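S.K.: Handing over final-v1.txt, compact mmCIF, C-alpha atoms.
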# COMPACT_ATOMS: atom_id res chain seq x y z
CA MET A 101 0.00 0.00 0.00
CA THR A 102 1.31 3.47 -0.87
CA ASP A 103 1.85 6.14 1.80
CA ALA A 104 -1.06 8.16 0.44
CA ALA A 105 -3.36 5.15 0.57
CA SER A 106 -2.27 4.14 4.07
CA THR A 107 -2.78 7.74 5.27
CA HIS A 108 -6.27 7.64 3.80
CA MET A 109 -7.07 4.25 5.35
CA ALA A 110 -5.81 5.07 8.86
CA PRO A 111 -8.85 7.02 10.07
CA LEU A 112 -11.15 4.49 8.41
CA GLU A 113 -9.50 1.64 10.26
CA ALA A 114 -9.59 3.55 13.53
CA HIS A 115 -13.30 4.01 12.97
CA TRP A 116 -14.27 0.50 11.84
CA GLY A 117 -11.39 -1.66 13.12
CA GLY A 118 -13.10 -2.54 16.39
CA GLY A 119 -13.28 -0.95 19.83
CA ALA A 120 -15.12 2.08 18.41
CA ALA A 121 -18.76 2.92 17.74
CA PRO A 122 -18.91 3.84 14.03
CA PHE A 123 -22.64 4.59 14.24
CA GLY A 124 -22.22 6.64 17.43
CA ALA A 125 -24.61 4.28 19.20
CA THR A 126 -24.27 1.58 21.84
CA TRP A 127 -23.94 -2.00 20.59
CA GLN A 128 -27.45 -2.73 21.84
CA LYS A 129 -28.93 0.05 19.78
CA THR A 130 -26.83 -0.84 16.73
CA MET A 131 -27.95 -4.47 16.93
CA MET A 132 -31.57 -3.36 17.36
CA TRP A 133 -31.32 -1.27 14.20
CA ILE A 134 -29.76 -4.14 12.27
CA PHE A 135 -32.61 -6.37 13.46
CA ILE A 136 -35.14 -3.73 12.36
CA VAL A 137 -33.55 -3.56 8.89
CA THR A 138 -33.69 -7.36 8.50
CA ASP A 139 -37.27 -7.50 9.77
CA GLY A 140 -38.12 -4.62 7.45
CA LEU A 141 -36.78 -6.69 4.56
CA LEU A 142 -39.15 -9.52 5.55
CA PHE A 143 -42.13 -7.18 5.20
CA SER A 144 -40.62 -5.72 2.05
CA GLY A 145 -40.61 -9.24 0.57
CA LEU A 146 -44.19 -9.87 1.71
CA LEU A 147 -45.46 -6.58 0.26
CA SER A 148 -43.60 -7.20 -3.01
CA GLY A 149 -45.17 -10.66 -3.15
CA TYR A 150 -48.57 -9.07 -2.57
CA GLY A 151 -47.90 -6.58 -5.40
CA PHE A 152 -46.94 -9.47 -7.66
CA LEU A 153 -50.08 -11.46 -6.85
CA ARG A 154 -52.31 -8.44 -7.32
CA GLN A 155 -50.86 -7.56 -10.70
CA ALA A 156 -50.86 -11.17 -11.84
CA ALA A 157 -54.51 -11.55 -10.83
CA GLY A 158 -55.56 -8.65 -13.04
CA VAL A 159 -58.77 -8.00 -11.14
CA TRP A 160 -58.93 -7.26 -7.43
CA PRO A 161 -61.92 -6.69 -5.12
CA HIS A 162 -62.49 -3.09 -4.07
CA GLN A 163 -61.41 -2.94 -0.44
CA SER A 164 -64.17 -0.60 0.70
CA GLN A 165 -66.73 -3.23 -0.39
CA VAL A 166 -65.03 -5.90 1.70
CA PHE A 167 -63.64 -4.08 4.76
CA SER A 168 -65.01 -1.31 6.94
CA ILE A 169 -62.46 1.40 6.14
CA PRO A 170 -63.55 3.60 9.12
CA PHE A 171 -62.82 0.61 11.37
CA ILE A 172 -59.34 0.22 9.80
CA ALA A 173 -58.85 3.98 10.30
CA LEU A 174 -59.69 3.50 13.98
CA MET A 175 -57.02 0.77 14.20
CA THR A 176 -54.54 3.17 12.57
CA PHE A 177 -55.49 5.90 15.06
CA ILE A 178 -54.92 3.50 17.98
CA LEU A 179 -51.49 2.45 16.70
CA ILE A 180 -50.32 6.01 15.96
CA THR A 181 -51.49 7.13 19.41
CA SER A 182 -49.67 4.23 21.06
CA SER A 183 -46.51 5.29 19.21
CA MET A 184 -46.89 8.80 20.64
CA THR A 185 -47.22 7.47 24.19
CA MET A 186 -44.24 5.14 23.60
CA GLY A 187 -42.08 8.06 22.46
CA THR A 188 -43.11 9.98 25.56
CA ALA A 189 -42.21 6.96 27.73
CA VAL A 190 -38.74 6.72 26.16
CA THR A 191 -37.99 10.41 26.73
CA ALA A 192 -39.39 10.31 30.28
CA ALA A 193 -37.19 7.28 31.03
CA ARG A 194 -34.14 9.10 29.69
CA LEU A 195 -34.94 12.16 31.81
CA GLY A 196 -35.39 10.00 34.91
CA ASP A 197 -39.13 10.64 35.29
CA ARG A 198 -39.98 7.09 36.33
CA ARG A 199 -43.66 7.70 37.01
CA LYS A 200 -44.35 9.35 33.66
CA ALA A 201 -42.39 6.64 31.84
CA LEU A 202 -44.39 3.89 33.54
CA HIS A 203 -47.74 5.59 32.89
CA ASN A 204 -46.96 6.01 29.21
CA LEU A 205 -45.71 2.43 28.94
CA LEU A 206 -49.05 1.31 30.36
CA PHE A 207 -50.96 3.53 27.90
CA THR A 208 -48.96 1.95 25.08
CA ILE A 209 -49.79 -1.54 26.32
CA VAL A 210 -53.50 -0.64 26.41
CA GLY A 211 -53.21 0.73 22.85
CA GLY A 212 -51.46 -2.41 21.63
CA ALA A 213 -54.08 -4.64 23.27
CA ALA A 214 -56.87 -2.57 21.71
CA PHE A 215 -55.27 -2.85 18.27
CA LEU A 216 -54.93 -6.63 18.62
CA SER A 217 -58.56 -6.89 19.75
CA CYS A 218 -59.66 -4.92 16.67
CA GLN A 219 -57.58 -7.20 14.47
CA ALA A 220 -59.06 -10.32 16.07
CA TYR A 221 -62.55 -8.91 15.42
CA GLU A 222 -61.65 -8.11 11.81
CA TRP A 223 -60.26 -11.61 11.24
CA SER A 224 -63.28 -13.33 12.79
CA HIS A 225 -65.63 -11.16 10.71
CA PHE A 226 -63.66 -11.91 7.53
CA ILE A 227 -63.60 -15.66 8.23
CA HIS A 228 -67.31 -15.60 9.09
CA GLU A 229 -67.99 -14.12 5.63
CA GLY A 230 -66.33 -17.17 4.07
CA ALA A 231 -62.72 -16.05 3.55
CA ARG A 232 -60.11 -18.82 3.67
CA LEU A 233 -56.45 -19.01 2.62
CA ASN A 234 -57.28 -20.66 -0.70
CA HIS A 235 -60.73 -19.27 -1.54
CA ASN A 236 -63.14 -16.47 -0.69
CA PRO A 237 -66.54 -15.14 -1.85
CA TRP A 238 -64.96 -12.24 -3.79
CA GLY A 239 -63.60 -14.46 -6.55
CA VAL A 240 -59.85 -13.79 -6.35
CA PRO A 241 -58.23 -16.49 -4.14
CA GLN A 242 -55.04 -14.44 -3.69
CA PHE A 243 -57.02 -11.63 -2.06
CA ALA A 244 -57.79 -13.46 1.18
CA ALA A 245 -54.37 -15.16 1.21
CA SER A 246 -52.66 -11.75 0.96
CA PHE A 247 -54.86 -10.41 3.74
CA PHE A 248 -54.16 -13.29 6.11
CA VAL A 249 -50.41 -13.36 5.46
CA LEU A 250 -49.81 -9.58 5.64
CA THR A 251 -52.02 -8.79 8.61
CA GLY A 252 -51.13 -12.08 10.31
CA PHE A 253 -47.38 -11.37 10.19
CA HIS A 254 -47.99 -7.82 11.35
CA GLY A 255 -50.33 -8.97 14.12
CA SER A 256 -47.74 -11.48 15.34
CA HIS A 257 -45.25 -8.60 15.56
CA VAL A 258 -47.76 -6.50 17.51
CA PHE A 259 -48.31 -9.45 19.86
CA SER A 260 -44.58 -9.97 20.46
CA GLY A 261 -44.18 -6.18 20.90
CA LEU A 262 -46.92 -6.27 23.50
CA VAL A 263 -45.17 -9.08 25.40
CA ILE A 264 -41.89 -7.11 25.29
CA LEU A 265 -43.69 -3.98 26.55
CA ILE A 266 -45.35 -5.83 29.43
CA ILE A 267 -42.01 -7.33 30.51
CA THR A 268 -40.31 -3.93 30.15
CA ALA A 269 -43.03 -2.18 32.19
CA ILE A 270 -42.82 -4.74 34.99
CA ARG A 271 -39.01 -4.57 35.09
CA TRP A 272 -39.09 -0.77 34.88
CA ALA A 273 -41.53 -0.61 37.82
CA MET A 274 -39.19 -2.88 39.80
CA GLY A 275 -36.19 -0.73 38.86
CA LYS A 276 -34.49 -3.59 37.02
CA THR A 277 -34.46 -2.05 33.51
CA PRO A 278 -32.35 0.98 32.58
CA ALA A 279 -33.68 3.76 30.34
CA GLN A 280 -31.99 2.06 27.39
CA GLY A 281 -34.22 -1.00 27.87
CA VAL A 282 -37.29 1.21 27.43
CA GLU A 283 -35.68 2.78 24.36
CA MET A 284 -35.07 -0.63 22.75
CA ALA A 285 -38.67 -1.70 23.38
CA GLY A 286 -39.76 1.65 21.93
CA LEU A 287 -37.74 1.16 18.74
CA TYR A 288 -39.45 -2.16 18.15
CA TRP A 289 -42.90 -0.72 18.85
CA HIS A 290 -42.37 2.20 16.44
CA PHE A 291 -41.20 -0.28 13.80
CA VAL A 292 -44.52 -2.13 14.15
CA ASP A 293 -46.30 1.20 13.61
CA LEU A 294 -44.07 1.94 10.61
CA VAL A 295 -44.96 -1.37 8.96
CA TRP A 296 -48.66 -0.67 9.48
CA VAL A 297 -48.31 2.60 7.53
CA PHE A 298 -47.30 0.56 4.46
CA ILE A 299 -49.92 -2.17 4.94
CA PHE A 300 -52.67 0.40 5.54
CA THR A 301 -51.83 2.29 2.35
CA LEU A 302 -50.87 -0.52 -0.01
CA PHE A 303 -53.44 -3.11 1.05
CA TYR A 304 -56.45 -1.16 2.37
CA LEU A 305 -56.38 2.11 0.41
CA LEU A 306 -54.84 1.44 -3.01
CA MET B 136 -31.80 14.87 21.02
CA GLU B 137 -33.29 18.33 21.44
CA THR B 138 -32.90 19.50 25.00
CA THR B 139 -34.47 22.95 24.86
CA GLY B 140 -38.19 23.51 25.47
CA ASN B 141 -40.73 20.80 26.16
CA PRO B 142 -39.04 17.48 25.28
CA TYR B 143 -42.41 15.79 24.70
CA ARG B 144 -43.73 18.37 22.24
CA VAL B 145 -42.16 16.67 19.21
CA TYR B 146 -44.26 13.54 19.83
CA ARG B 147 -47.53 15.46 20.10
CA VAL B 148 -46.82 17.52 17.00
CA THR B 149 -45.84 14.38 15.05
CA TRP B 150 -48.98 12.59 16.26
CA VAL B 151 -51.23 15.46 15.09
CA ILE B 152 -49.53 15.63 11.67
CA LEU B 153 -49.79 11.85 11.24
CA LEU B 154 -53.50 11.97 12.02
CA ILE B 155 -54.09 14.84 9.58
CA ILE B 156 -52.23 12.95 6.84
CA THR B 157 -54.21 9.77 7.58
CA VAL B 158 -57.51 11.65 7.29
CA ALA B 159 -56.32 13.25 4.02
CA MET B 160 -55.47 9.78 2.68
CA LEU B 161 -58.90 8.46 3.65
CA LEU B 162 -60.66 11.38 1.97
CA ALA B 163 -58.52 11.26 -1.20
CA GLU B 164 -60.85 8.80 -2.93
CA LYS B 165 -63.83 11.16 -2.55
CA PHE B 166 -62.21 13.67 -4.93
CA HIS B 167 -62.40 11.22 -7.89
CA LEU B 168 -58.82 11.87 -8.95
CA PRO B 169 -57.43 9.97 -11.94
CA HIS B 170 -56.13 6.62 -10.67
CA ILE B 171 -52.47 7.42 -11.32
CA PHE B 172 -52.72 10.67 -9.31
CA LEU B 173 -54.48 8.86 -6.48
CA VAL B 174 -51.69 6.23 -6.37
CA LEU B 175 -48.98 8.93 -6.42
CA PHE B 176 -50.77 10.97 -3.75
CA LEU B 177 -51.20 7.99 -1.41
CA CYS B 178 -47.64 6.73 -1.94
CA ALA B 179 -46.19 10.22 -1.32
CA PHE B 180 -48.14 10.60 1.93
CA MET B 181 -47.20 7.06 2.94
CA MET B 182 -43.52 7.97 2.58
CA VAL B 183 -44.02 11.22 4.54
CA LYS B 184 -45.65 9.26 7.37
CA ALA B 185 -42.87 6.65 7.35
CA THR B 186 -40.21 9.39 7.42
CA MET B 187 -41.92 11.14 10.34
CA ILE B 188 -42.19 7.93 12.36
CA ALA B 189 -38.58 6.93 11.67
CA GLY B 190 -37.24 10.46 12.17
CA ASN B 191 -39.21 11.70 15.17
CA PHE B 192 -40.51 8.63 16.98
CA MET B 193 -37.49 6.39 16.35
CA HIS B 194 -35.13 9.39 16.69
CA LEU B 195 -33.37 8.54 13.45
CA ARG B 196 -32.88 12.22 12.62
CA PHE B 197 -30.93 12.63 15.85
CA GLU B 198 -28.64 9.68 15.08
CA ARG B 199 -25.47 9.79 12.99
CA ARG B 200 -26.09 10.13 9.30
CA ASN B 201 -24.39 6.82 8.42
CA LEU B 202 -26.88 4.94 10.63
CA ALA B 203 -29.84 6.71 8.99
CA VAL B 204 -28.43 6.00 5.52
CA MET B 205 -27.85 2.32 6.37
CA VAL B 206 -31.46 1.91 7.51
CA ALA B 207 -33.17 3.94 4.78
CA ALA B 208 -31.03 2.77 1.88
CA GLY B 209 -30.98 -0.84 3.11
CA ILE B 210 -34.73 -1.17 3.20
CA LEU B 211 -35.78 1.17 0.39
CA LEU B 212 -33.24 0.11 -2.24
CA THR B 213 -33.82 -3.58 -1.59
CA SER B 214 -37.58 -3.11 -1.78
CA LEU B 215 -37.41 -1.12 -5.00
CA THR B 216 -35.01 -3.63 -6.59
CA LEU B 217 -37.20 -6.55 -5.56
CA PHE B 218 -40.32 -4.87 -6.89
CA ALA B 219 -38.67 -3.77 -10.13
CA PHE B 220 -37.54 -7.32 -10.88
CA ILE B 221 -40.73 -9.18 -10.06
CA THR B 222 -43.28 -6.75 -11.50
CA PRO B 223 -42.57 -7.57 -15.17
CA GLU B 224 -42.90 -11.25 -14.26
CA SER B 225 -46.42 -10.67 -12.91
CA HIS B 226 -47.55 -9.39 -16.33
CA HIS B 227 -46.15 -12.57 -17.88
CA VAL B 228 -48.03 -14.73 -15.37
CA ARG B 229 -51.25 -12.80 -16.06
CA LYS B 230 -50.92 -13.48 -19.79
CA LEU B 231 -50.29 -17.19 -19.16
CA SER B 232 -53.29 -17.56 -16.86
CA ALA B 233 -55.68 -15.68 -19.18
CA PRO B 234 -58.19 -17.98 -20.94
CA PRO B 235 -57.25 -18.75 -24.58
CA GLU B 236 -59.02 -16.63 -27.15
CA LEU B 237 -61.83 -18.52 -28.89
CA PRO B 238 -61.74 -18.61 -32.72
CA THR B 239 -64.22 -16.26 -34.33
CA ALA B 240 -67.05 -17.57 -36.50
CA THR B 241 -65.30 -16.52 -39.73
CA GLU B 242 -62.05 -18.25 -38.67
CA GLY B 243 -63.99 -21.44 -37.91
CA ALA B 244 -65.66 -21.32 -41.34
CA HIS B 245 -62.34 -20.77 -43.04
CA GLU B 246 -60.88 -23.91 -41.43
CA LYS B 247 -63.70 -26.03 -42.76
Output the file's structure in the form of C-alpha cells.
M.R.:
Amino acid sequence: MTDAASTHMAPLEAHWGGGAAPFGATWQKTMMWIFIVTDGLLFSGLLSGYGFLRQAAGVWPHQSQVFSIPFIALMTFILITSSMTMGTAVTAARLGDRRKALHNLLFTIVGGAAFLSCQAYEWSHFIHEGARLNHNPWGVPQFAASFFVLTGFHGSHVFSGLVILIITAIRWAMGKTPAQGVEMAGLYWHFVDLVWVFIFTLFYLL
Amino acid sequence: METTGNPYRVYRVTWVILLIITVAMLLAEKFHLPHIFLVLFLCAFMMVKATMIAGNFMHLRFERRNLAVMVAAGILLTSLTLFAFITPESHHVRKLSAPPELPTATEGAHEK
C-alpha cells in the first residue's frame, strides 16, 4: 500500500477496526437497528409478493366493499397514538421521570391490546364471511391469502411487541431495567407502527 | 436529542400531523382523482408518514447520518429492486393464466 493510501485508510481503520462505535450508538442500539432492517426486509418481501399477486390476478376486489375502512382507520389511530405514548415513555425514562415513563408504557400496552382486539374482530368477521387461505366469496383467491399473510405477520409482531412492553413495564416498575431498555422496546414498537403505515396504504387504500 | 423547550412536544406535533395525513389519505378517494394521481398521492403521503415515524418517533434524525443511511437505503433500495424485478414477471403470469381466445365464427368457417 502506498503512503497516500495508508494515510487515507488510517482514520477508516480507527473508525471501523473494532473498539469504536462507528454509528455513534451503543452496541445494543446498533444491533436493534440491524434487526429492524432485516425484519423490514421480511415485510418488504411480503409486500412485493402481494404486489406481484395483485398484478398477476388482473382483477382485485375493491377494499371498501369488503372491509369497513372507518374501522381500519380507527385501528390506525390507535397504533399512531400508542406510538406517541411510547415516544413519551422513552424520553421520560431518559430524563429520569420514572412515574411518567411507567404511565406512558401502560398507555402503550392498552393501545397495543386494543389494536390486537380490533384485528381479532376483523379476522373473525372476515372468516365468518367465508374467507379462507385458498378461496373467498370475492372471486380472487389471492385476495384473502394476501390479507391473512400480511395482517397475520404484522399482528404477530404486535403481539410480540406487546409481550416485550409488558415485561419492560414490569421490570421498569421494579427498577431492574435501565432507560436504554425502554428505548429498545420503543424502537421495536415504532417499527410495528411503521410497517402498518405501508400495509394500511398498499393493502387497504390502493 | 433536542434539550431545549418541552421534550415531549415533538411527539404530540408528530402525532397530530400523522393523524391529519391519515384523514387526508382516507378522503382522497372522494375527490375522484385519476387513478395514477391517487396512487402517487397515497404513496407520497405514505412515505411522509414513514419518514416522520422513523425520524421523530425512532429518533433517526438525531442519530449519525451513516446509521440513517444504512437503515433507509438498506430497506428502500432492496424493496425497490425486488419490486422492479418481479413486476414484469407478474404481467407474464397474467398473460399465461388468461383464458385462450376462442376462434371467431369466420375463422372457424375458413378452417372447414
S.K.: Got a sec: who's within 10 Å of Ala233 (chain B), counting only C-alpha atoms, leaving out chain neighbours fewer than 3 positions off, as a VMD selection string?
M.R.: (chain A and resid 156 to 158) or (chain B and resid 228 to 230 236)
S.K.: Under the rule that all atoms listed in the file are counted, which of B:Leu215, B:Thr186, B:Pro223, B:Asn191 is the nearest residue to Pro142 (chain B)?
M.R.: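 Using all atoms listed in the file, Pro142 (chain B) sits closest to B:Asn191.
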S.K.: What gap, in Å, lies between CA of Val249 (chain A) and CA of Phe143 (chain A)?
M.R.: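 Atom-to-atom, CA of Val249 (chain A) and CA of Phe143 (chain A) are spaced 10.3 Å apart.
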S.K.: If the cut-off is 7 Å, can you tell me the residues of chain A near chain B, counting all atoms listed in the file? I'd like them as a VMD selection string.
M.R.: chain A and resid 123 to 124 137 140 to 141 144 148 152 155 to 158 180 to 181 184 187 to 188 287 290 294 297 to 298 301 306
S.K.: I'd like the interatomic distance between CA of Ile171 (chain B) and CA of Ala244 (chain A), to a tenth of an Å.
M.R.: 24.9 Å
S.K.: Which of these residues is nearest to Phe248 (chain A), using only C-alpha atoms: A:Val263, A:Arg198, A:Leu305, A:Glu222?
M.R.: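 Residue with the minimum atom-to-atom distance to Phe248 (chain A): A:Glu222.
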S.K.: Just the residues within 7 Å of Gly212 (chain A), please, counting all atoms listed in the file, with nothing from its chain fewer than 5 positions along; format it as a count of residues only.
M.R.: 4
S.K.: Enter the distance from CA of Leu205 (chain A) to CA of Met186 (chain A), in Å, rounded to one decimal.
M.R.: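 Between CA of Leu205 (chain A) and CA of Met186 (chain A) the gap works out to 6.2 Å.
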S.K.: Within 10 Å of (-42.2, -0.4, 37.5), only C-alpha atoms: residues as a list in words?
M.R.: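 Residues with an atom close enough to that point: Arg198, Arg199, Ala201, Leu202, His203, Leu205, Ile267, Thr268, Ala269, Ile270, Arg271, Trp272, Ala273, Met274, Gly275, Lys276 and Thr277 of chain A.
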